[in-house]
Structures are given as structure tokens and as C-alpha cells.
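> Take a look at this one; I'll ask things after.
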Amino acid sequence: MKRIAIVLCVLSCIYVFSSAAVDAAQWSKVYGSSTGDEGGAIWPIATGGYYLSAPSTSYAGAKNALFAKLSASGGVAWAKSIGGSAEDILIVTNLPDGGFLVTGITKSFPTTSSKYNILWAKFNASWAPVYQKVLGGAGDEAGGFLPTSDGGLLFYGTSDSYAADDDDILIVKINSAGSAVWKKVFHKGTTDDATSTIELSDGYVISGKIQVAPPSPLEGILVMKLNKSTGAFMWKKLYTLPPATGTLGGGGLDLLSDGSFILSGTVTPPASTMAKTLLVKISSAGAIQWQRSYGIPSASVTAANVIENPDHTLIVSGMLMDSSFHTSILVMKLAASGTITLKRRLGATTQYNAGTVLKSGSELLLMGTHHTSFVDPNLDLLYGKLNAATLVPIWAKTFGGTGMEFGDLLVRSGGYMITGTTTSFGPGVPAKTNVFGMTLDADGDYPNCHVSPYTLAATIPSVTAGSLSLTVTAPTLTARTAGAATDISLTVSSVTLPAKNICAPITSADEAPLAEDAETPGEQLEGE
């Protein structure tokens, strides 16, 4: 098993929430203990306050899920540990009906094992179980979960429990009651993997990779559409390069407003270490409409995100990395045909910056990381706002201490928020990781609290668009059978989550300091 990361595609990296949830003050807090590690994030609740979710090793002597409800000013209202007796890498999210969804991979169920199985569970608002399931065999399973419009889930990823070789693609459709309606295992290469999925009204479109045993190059990028009810193929396409013309990587998929898709990845020419980004526009049935590579002789070019504008132009962001491992952020605006109309390198060629551009309404926002050298253990969170017309930073900031910080940028009414993982400010410095949250003003600032202005120079890189020669075929995929899902019983325990201020809260001049009120009557705040 080559991939153990688990993804829940229910939250995006940028959030907007209503003025009803706006804090009366700025606050900055770190959450976690000195005995374990917590690495996760915080997101706002539409009615006020926040939820925190993180894998944690502070409770039960193993890695379990930590989930907490926070007040509007960051105080801990309650916290739960969810898991089993062994290692569980789980994500918890809140649901529209007031319940909670748990997804991830586990070594605890159905029995303690050295291998990962996939896990999904739902609890109501009182944490009573609605369903709790696990699926897997003698090997490892890993991948992501997509919440679906019918209240269920779609799992997509890999399995070597049911594989013909090392890893095969595993797709599982789960209904609103938690039952596995259908399960599909697909095989072509030695190592096959499903990496992204999109739900349409009539099916699921899934992209992935077909590969001979690593480190051999990819045989191709797979895109297939499955029927919602049965999982049967509606169509399947394999995109490949002619022999000896380069190697493929990636396999991201984005849906465009006209029903077509952008397939993204990398192509590395023969005898070269400098990768180029590839973008392929494919029709709703997988036919190639245009295909281009984007490269520069002196650096690798990799794309991380594709945004479609209302006029059907595209904003593509990613990274440039030269042979000395200097990195900078690349942002390009493309015409609907894929030609470059505007391009920017953000950051000096001698620096080490990485990030991606995201969109919230009319705003273009940057989130990423900054460090001073390739081997520097001090990693700061980098974030900023770009001029949508010129792609030049309006402002950029870093947040960090003596350790490592990385995470997400959130939008809130009247300002922003950063949240993620820190090793600088928790009780376990420097050995332990903790979760942090910090609310920012309209300029992305929190005065005198480890936030620094950052000069992110904008220059015009020599990236050019070139032609590609990908071909598309209908591949033969061998179907195999997966095992049955098993009922399990997770342990849900109330725990104390320590929380402390990174810096003192900031209140407006005409109001008293904000009290750390509990979320509901009778709830006691912990760790303040």
C-alpha cells in the first residue's frame, strides 16, 4: 500500500460565514496537550462558534479522532475522543441534521491489525450511534470519502486486500443508512489508484492512475464515469503518452460550468528532471477538446489548483522549483482555449515559498508556506490577497514562531481566519504538534501576535504553453470482488482539551473585554 492519507471532501480551504457568526473580538489560541500530537483545523459554524477536528495521540494511548466545539471567542465548550484501541486516522465533521460524520482508516477494527481498513460512522447530535462500519481485508485500504447528494458517501481509493497485484482501485457506494450498496474493484496495472471524484446528476466521474510497479512511470491517467445505482461503467478513458516521449504524473479532475472537465497532472520529458504541468480539457464523455503543457527550461512546473471564472477563463496556480530547490508560487490566467493571457511568479527566485490561489466571491486569496532555506526546520504559514485583474499581491503576511506552522485561510465577514497545525506555541514545544486558530482583521493582521508583513515580489516568469500528444483509448479493466462491510463499535469519550491564548484577545475600543462564554447553559469551559 503506497498511500495511507485519508481525505473527506466536505470542507474547502476557504469558508465564508454570515455576520451572525462574526466575533466581537480577535482571538488567537492553541489547542492540545504536552503528552501527544494534534494536527488538524478549525472551521466556523453558521450559527456561531467553531468546530475543531484533528487526529490526536493525546488520548487513549493511540491515535484517535479529536473533535471539539468552540465558542465564538475560541473557548472549549466540549471535546470528544473517538476511536478504538489501536491506530485510527479519522476525520470528524458536523452534518446539516446536527449529527456528526466520522470517516478514515483504522487498525482497530474489526480486530486489532497491522493493516488499515476503511471506516465510516454517523452519530446523532447527542453522540448516539446511527451506523458504524468498517471494510477491508488482509491488506491495506486507503483513499477519500465524498459526501453525496442523497445523504450517503462515495469512497474512492486503493486496496491491496482484494487486488490482483499490489494495489487496485476500490470504489464503494454507501447509502444514507450507512450500508454499502455496491463495491467495485478495478485492475489494469500493477498499482492502480483513484485520486479524485465528482458527483453529477446521473453518475460519478472518477480519475486515477494506472501504473506498473513504482518507480516505473505511469501507464496512463484513467477517467471513468460510473452509474449511481449500480456502479456500472457509463464510459471509461485512459490518457497516455506515446512511448519514449515522457512520463506522466498526477490525475486531478475539475468540473467546468459547461459540463466538461479539466484533467491536470505533470509530464516530464525524456532525460529531464524538470516536469511540466499538463492540462487537458475533456468533454462530458471524455473526448479530448484541447491539451497543453506549461513549462520553463530552468524549473519544474506543477499545478495545484484550477479555478473557472464566470467568463470561462481559468486561473491556475502551483509551484516553480529550480535545480537548487528554490521554490516560488506560479499563478496564470488562461483563456478558455488554454492559452496563457497573464502569468506571475510570486516570490524571489532565491526564496522558498509554496502555495496555491483560491477564490472566495470576487476575492483571490493565497495560502501556502515560507521558509528561509531548503533544510530550514522553521516553516511559517504564508497567506495573502491578490489583485484579481493583475494577479499581484495586495498584501501578504506570514505567521509563525520558532517551529513549524501550516494550514488554511478562511474568510469571515469583515476579515479572515488562519487555522492549522503549529509546533511553536503549544505546551509541547518543540516536540509536539497542536491545533491553532487566529481571527484576523480586513488586512489579514493581528497586531503584535507573530504576524509579519511579507514582500512577495511579482515578476513575469518565462513559462510557455506547448503542445501535447496524449492519446485516449477505452481501456480494459478487470473487475474483482470486495468483501462485506462489518458493524463495529467506536468508543466516544468526553475529554479535556487544553487551550491557551497565543496572544491576548483584541477588543474594540468601545466594548469591554470579551468573556469566554460557554456554548450552551451549564457547559463548563475547559483548559482556559
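Ligands are numbered from 1 in the order shown, residues from 1 within each chain, and chains are lettered A, B, ... in the order they appear in the C-alpha cells.
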List as an MDAnalysis selection string the protein and nucleic acid residues near A:Lys225, meaning an atom at most 7 Å away when only C-alpha atoms are counted, but skip any in the same chain fewer than 2 places from it.
chainID A and resid 203:206 227 233:236
> Store the residues picked out above, limited to C-alpha atoms, as a PDB file, in the first residue's frame.

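Final output, saved to again11.pdb:
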```
ATOM      1  CA  GLY A 203     -23.274   9.383 -12.135  1.00  0.00           C
ATOM      2  CA  TYR A 204     -19.868   9.676 -10.510  1.00  0.00           C
ATOM      3  CA  VAL A 205     -16.823  10.715 -12.549  1.00  0.00           C
ATOM      4  CA  ILE A 206     -13.590   9.385 -11.045  1.00  0.00           C
ATOM      5  CA  ASN A 227     -23.744   4.673 -12.761  1.00  0.00           C
ATOM      6  CA  PHE A 233     -19.361   1.779 -16.371  1.00  0.00           C
ATOM      7  CA  MET A 234     -21.047   4.577 -18.313  1.00  0.00           C
ATOM      8  CA  TRP A 235     -17.714   5.263 -20.026  1.00  0.00           C
ATOM      9  CA  LYS A 236     -14.006   4.882 -19.292  1.00  0.00           C
TER      10      LYS A 236
END
```
> Find the residues near A:Ala177: any atom within 10 Å, counting only C-alpha atoms, skip ones fewer than 6 places away on the same chain, and give them as a ChimeraX atom specification.
/A:121-122,130-132,151-152
> Please produce a file of the residues just selected, as a PDB file, in the first residue's frame, where the atoms kept are C-alpha atoms.

```pdb
ATOM      1  CA  ALA A 121     -19.741   6.133  11.036  1.00  0.00           C
ATOM      2  CA  LYS A 122     -22.526   8.542  11.877  1.00  0.00           C
ATOM      3  CA  VAL A 130     -26.663   5.833  13.815  1.00  0.00           C
ATOM      4  CA  TYR A 131     -24.298   3.451  11.997  1.00  0.00           C
ATOM      5  CA  GLN A 132     -20.661   2.349  12.354  1.00  0.00           C
ATOM      6  CA  GLY A 151     -27.124  11.769   2.179  1.00  0.00           C
ATOM      7  CA  GLY A 152     -24.665   8.952   1.627  1.00  0.00           C
TER       8      GLY A 152
END
```
> Find, counting only C-alpha atoms, the residue in A:Ala77, A:Val495, A:Ile105, A:Leu279 that gets nearest to A:Ala465.
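With only C-alpha atoms as the atom set, the closest residue is A:Leu279.
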> Once you count only C-alpha atoms, what closest atom pair and distance in Å to one decimal does each residue of stretch 454-520 of chain A within 10 Å of stretch 294-316 of chain A have, with rows by chain and rising residue number, as a tab-separated table?

```
residue	atom	partner	partner_atom	distance
A:Pro461	CA	A:Ile296	CA	8.3
A:Ser462	CA	A:Ile296	CA	6.1
A:Val463	CA	A:Ile296	CA	4.8
A:Thr464	CA	A:Tyr294	CA	5.6
A:Ala465	CA	A:Tyr294	CA	4.6
A:Gly466	CA	A:Tyr294	CA	6.2
A:Ser467	CA	A:Tyr294	CA	8.8
A:Leu468	CA	A:Tyr294	CA	9.8
```
> If you take only C-alpha atoms and a cut-off of 9 Å, which residues of stretch 167-241 of chain A touch stretch 160-163 of chain A, and what are their nearest atom pairs and distances in Å to one decimal, in chain and number order, as JSON lines?

```
{"residue": "A:Asp167", "atom": "CA", "partner": "A:Asp160", "partner_atom": "CA", "distance": 4.6}
{"residue": "A:Asp168", "atom": "CA", "partner": "A:Ala163", "partner_atom": "CA", "distance": 5.0}
{"residue": "A:Ile169", "atom": "CA", "partner": "A:Ala163", "partner_atom": "CA", "distance": 8.2}
{"residue": "A:Leu170", "atom": "CA", "partner": "A:Tyr162", "partner_atom": "CA", "distance": 8.7}
{"residue": "A:Val185", "atom": "CA", "partner": "A:Tyr162", "partner_atom": "CA", "distance": 7.3}
{"residue": "A:Phe186", "atom": "CA", "partner": "A:Ala163", "partner_atom": "CA", "distance": 8.3}
{"residue": "A:His187", "atom": "CA", "partner": "A:Ala163", "partner_atom": "CA", "distance": 7.3}
```
> Using only C-alpha atoms, which residues sit within 10 Å of A:Thr195 once same-chain residues fewer than 2 positions away are excluded, as a count of residues only?
19
> Please extract the residues of stretch 98-186 of chain A with a backbone DSSP assignment of strand (DSSP E or B) and present them as number ranges by chain.
A: 100-106, 117-123, 129-135, 141-147, 153-159, 167-174, 180-186
> Let's have the selection written as a PDB file, in the first residue's frame, with C-alpha atoms.

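Full text of again35.pdb as output:
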```pdb
ATOM      1  CA  PHE A 100     -21.565  14.026  13.163  1.00  0.00           C
ATOM      2  CA  LEU A 101     -19.792  12.025  10.452  1.00  0.00           C
ATOM      3  CA  VAL A 102     -16.602  10.034  11.117  1.00  0.00           C
ATOM      4  CA  THR A 103     -14.512   8.751   8.202  1.00  0.00           C
ATOM      5  CA  GLY A 104     -10.995   7.461   7.791  1.00  0.00           C
ATOM      6  CA  ILE A 105      -8.790   4.402   8.152  1.00  0.00           C
ATOM      7  CA  THR A 106      -8.346   2.148  11.148  1.00  0.00           C
ATOM      8  CA  ASN A 117      -9.250  -0.762   6.814  1.00  0.00           C
ATOM      9  CA  ILE A 118     -11.650   1.992   5.772  1.00  0.00           C
ATOM     10  CA  LEU A 119     -14.170   3.219   8.359  1.00  0.00           C
ATOM     11  CA  TRP A 120     -17.332   5.296   8.212  1.00  0.00           C
ATOM     12  CA  ALA A 121     -19.741   6.133  11.036  1.00  0.00           C
ATOM     13  CA  LYS A 122     -22.526   8.542  11.877  1.00  0.00           C
ATOM     14  CA  PHE A 123     -23.678   9.804  15.270  1.00  0.00           C
ATOM     15  CA  PRO A 129     -24.590   5.905  17.016  1.00  0.00           C
ATOM     16  CA  VAL A 130     -26.663   5.833  13.815  1.00  0.00           C
ATOM     17  CA  TYR A 131     -24.298   3.451  11.997  1.00  0.00           C
ATOM     18  CA  GLN A 132     -20.661   2.349  12.354  1.00  0.00           C
ATOM     19  CA  LYS A 133     -18.968   0.325   9.620  1.00  0.00           C
ATOM     20  CA  VAL A 134     -15.577  -0.959   8.533  1.00  0.00           C
ATOM     21  CA  LEU A 135     -14.475  -2.619   5.295  1.00  0.00           C
ATOM     22  CA  GLU A 141      -7.131   0.204   2.138  1.00  0.00           C
ATOM     23  CA  ALA A 142      -6.870   3.987   1.810  1.00  0.00           C
ATOM     24  CA  GLY A 143      -8.472   6.863  -0.050  1.00  0.00           C
ATOM     25  CA  GLY A 144     -11.122   9.536   0.323  1.00  0.00           C
ATOM     26  CA  PHE A 145     -14.833   9.934   1.063  1.00  0.00           C
ATOM     27  CA  LEU A 146     -17.149  12.177  -0.930  1.00  0.00           C
ATOM     28  CA  PRO A 147     -20.478  13.122   0.757  1.00  0.00           C
ATOM     29  CA  LEU A 153     -20.972   8.672   0.776  1.00  0.00           C
ATOM     30  CA  LEU A 154     -18.741   7.527  -2.053  1.00  0.00           C
ATOM     31  CA  PHE A 155     -15.397   6.036  -1.080  1.00  0.00           C
ATOM     32  CA  TYR A 156     -12.659   6.132  -3.732  1.00  0.00           C
ATOM     33  CA  GLY A 157      -9.095   4.928  -3.338  1.00  0.00           C
ATOM     34  CA  THR A 158      -6.990   1.786  -3.335  1.00  0.00           C
ATOM     35  CA  SER A 159      -6.985  -1.704  -1.896  1.00  0.00           C
ATOM     36  CA  ASP A 167      -2.962  -2.039  -5.407  1.00  0.00           C
ATOM     37  CA  ASP A 168      -6.254  -1.934  -7.255  1.00  0.00           C
ATOM     38  CA  ILE A 169      -8.858   0.830  -7.469  1.00  0.00           C
ATOM     39  CA  LEU A 170     -11.609   0.454  -4.858  1.00  0.00           C
ATOM     40  CA  ILE A 171     -14.933   2.318  -5.134  1.00  0.00           C
ATOM     41  CA  VAL A 172     -17.707   1.869  -2.557  1.00  0.00           C
ATOM     42  CA  LYS A 173     -21.162   3.476  -2.711  1.00  0.00           C
ATOM     43  CA  ILE A 174     -22.668   3.966   0.758  1.00  0.00           C
ATOM     44  CA  ALA A 180     -22.518  -0.431   1.201  1.00  0.00           C
ATOM     45  CA  VAL A 181     -24.901  -0.514  -1.784  1.00  0.00           C
ATOM     46  CA  TRP A 182     -22.213  -1.598  -4.250  1.00  0.00           C
ATOM     47  CA  LYS A 183     -18.478  -2.179  -4.207  1.00  0.00           C
ATOM     48  CA  LYS A 184     -16.154  -2.199  -7.208  1.00  0.00           C
ATOM     49  CA  VAL A 185     -12.524  -3.263  -7.502  1.00  0.00           C
ATOM     50  CA  PHE A 186     -10.839  -2.429 -10.826  1.00  0.00           C
TER      51      PHE A 186
END
```
> Which residue, A:Tyr50, A:Tyr116, A:Tyr383, A:Phe425, has the smallest gap to A:Gly139 when you use only C-alpha atoms?
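Looking only at the distances to A:Gly139, the closest residue turns out to be A:Tyr116.
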> Kindly indicate which residue among A:Ala128, A:Ala354, A:Leu490, A:Thr507 lies nearest to A:Ala65, using only C-alpha atoms for the distances.
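Checking each candidate against A:Ala65, we get A:Leu490 as the closest.
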> Please list as an mmCIF file with C-alpha atoms, in the first residue's frame every residue within 9 Å of A:Leu440, counting only C-alpha atoms and excluding residues in the same chain fewer than 4 positions away.

```
data_model
loop_
_atom_site.group_PDB
_atom_site.id
_atom_site.type_symbol
_atom_site.label_atom_id
_atom_site.label_comp_id
_atom_site.auth_asym_id
_atom_site.auth_seq_id
_atom_site.Cartn_x
_atom_site.Cartn_y
_atom_site.Cartn_z
ATOM 1 C CA GLN A 26 -9.916 38.997 17.577
ATOM 2 C CA TRP A 27 -8.583 35.946 19.345
ATOM 3 C CA ARG A 412 -15.181 35.622 7.665
ATOM 4 C CA GLY A 414 -15.134 41.723 7.944
ATOM 5 C CA GLY A 415 -11.911 39.748 7.998
ATOM 6 C CA TYR A 416 -10.171 36.392 7.777
ATOM 7 C CA MET A 417 -9.015 33.493 9.897
ATOM 8 C CA ILE A 418 -5.999 31.201 9.763
ATOM 9 C CA GLY A 444 -5.079 39.924 7.396
ATOM 10 C CA ASP A 445 -3.427 41.296 10.511
ATOM 11 C CA TYR A 446 -3.309 40.538 14.236
#
```
> For each of A:Gly40, A:Gly136, A:Gly75, A:Pro96, take the minimum atom-to-atom distance to A:Thr111, counting only C-alpha atoms, then give the residue where this is smallest.
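Checking each candidate against A:Thr111, we get A:Gly136 as the closest.
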> Would you please work out which residue, of A:Asp88, A:Ala479, A:Ser179, A:Met438, is nearest to A:Lys500 when using only C-alpha atoms?
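Using only C-alpha atoms, the shortest distance to A:Lys500 belongs to A:Met438.
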> Between A:Asn124, A:Ser108, A:Thr439, A:Thr473, which is the closest to A:Gly286 once you count only C-alpha atoms?
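So, comparing all the options, the nearest one is A:Thr473.
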